[in-house]
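Below: one structure, written as structure tokens.
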Amino acid sequence: MTTPPPDDEPDYRFTLANERTYLAYLRTSLACYAGGLSAVQFLDLGGARWLARVIGVVLVTAGIVTTAGAFRRWQVNLSAMRQGARLPVTRLPLMLGATVAVVGLIGLLLSLLR
């Protein structure tokens with residue numbers, strides 16, 4: 001029975017690129033938090049306060065998911081690089097892009113119908 005090779009330290013440039021990606025996700029999640037809280041506080045839809053709250057909850061939830069997913073992705077990528085394995089595929093960008101697009105479209109429609 002062969003033992004697995006010890007974890008090798010990857011090229012520092014890949015490690016730093018992985019960290020920059022992680023930080024970019026954190027900036028994006030911060031923007032989701034700010035947008036969600038701003039929607040609840042400042043979005044004026046007449047008597048439909050519930051819609052502003054829904055938009056806020058969706059954006060803050062997307063921020064939470066992005067924060068957790070970014071940390072997990074950073075860990076998994078670092079582990080894969082150290083083991084010389086392929087980097088795993090993630091659906092985090094798809095989820096984030098779809099959420100922002102849908103919320104943006106709703107915001108656009110609400111502003112046009114006002």
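Chain labels follow the order of the structure tokens: the first chain is A, the next B, and so on; residue numbering restarts at 1 in every chain, and ligands are counted from 1 in their shown order.
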>> To test your reading of the structure, identify every residue in chain A that backbone DSSP assigns to helix (DSSP H, G or I), and report it as a ChimeraX atom specification.
In response: /A:12-42,49-83,92-113
>> Can you pull out the residues contacting range 36-40 of chain A? Cut-off 10 Å, using only C-alpha atoms, and skip same-chain residues under 3 positions away; I want them as a ChimeraX atom specification.
In response: /A:30-33,43-44,49-63,107
Excluding Gly46 in chain A and any residue of its chain fewer than 6 positions from it, enumerate the residues within 12 Å of it, using only C-alpha atoms, and give them as a PDB file with N, CA, C and O atoms, in the first residue's frame.
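Produced file part.pdb, reproduced below:
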```pdb
ATOM      1  N   ALA A  52     -40.168  45.960  -0.852  1.00  0.00           N
ATOM      2  CA  ALA A  52     -38.827  46.435  -0.498  1.00  0.00           C
ATOM      3  C   ALA A  52     -38.165  45.473   0.474  1.00  0.00           C
ATOM      4  O   ALA A  52     -36.963  45.198   0.359  1.00  0.00           O
ATOM      5  N   LEU A 110     -39.850  48.174 -11.661  1.00  0.00           N
ATOM      6  CA  LEU A 110     -40.546  49.008 -10.669  1.00  0.00           C
ATOM      7  C   LEU A 110     -40.316  50.489 -10.934  1.00  0.00           C
ATOM      8  O   LEU A 110     -41.239  51.299 -10.776  1.00  0.00           O
ATOM      9  N   SER A 111     -39.111  50.856 -11.350  1.00  0.00           N
ATOM     10  CA  SER A 111     -38.852  52.268 -11.622  1.00  0.00           C
ATOM     11  C   SER A 111     -39.552  52.737 -12.901  1.00  0.00           C
ATOM     12  O   SER A 111     -39.960  53.887 -12.999  1.00  0.00           O
ATOM     13  N   ARG A 114     -43.438  53.247 -12.203  1.00  0.00           N
ATOM     14  CA  ARG A 114     -43.730  54.245 -11.177  1.00  0.00           C
ATOM     15  C   ARG A 114     -44.338  55.474 -11.761  1.00  0.00           C
ATOM     16  O   ARG A 114     -44.125  56.015 -12.745  1.00  0.00           O
TER      17      ARG A 114
END
```
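Between CA of Leu105 in chain A and CA of Val89 in chain A the separation is 27.3 Å.
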> Which neighbours of range 70-76 of chain A fall inside 9 Å, counting only C-alpha atoms, when residues of the same chain fewer than 4 positions from it are skipped, and could you give them as a ChimeraX atom specification?
Replying inline: /A:18-19,21-26,65-66,80-81,87-88,90,92
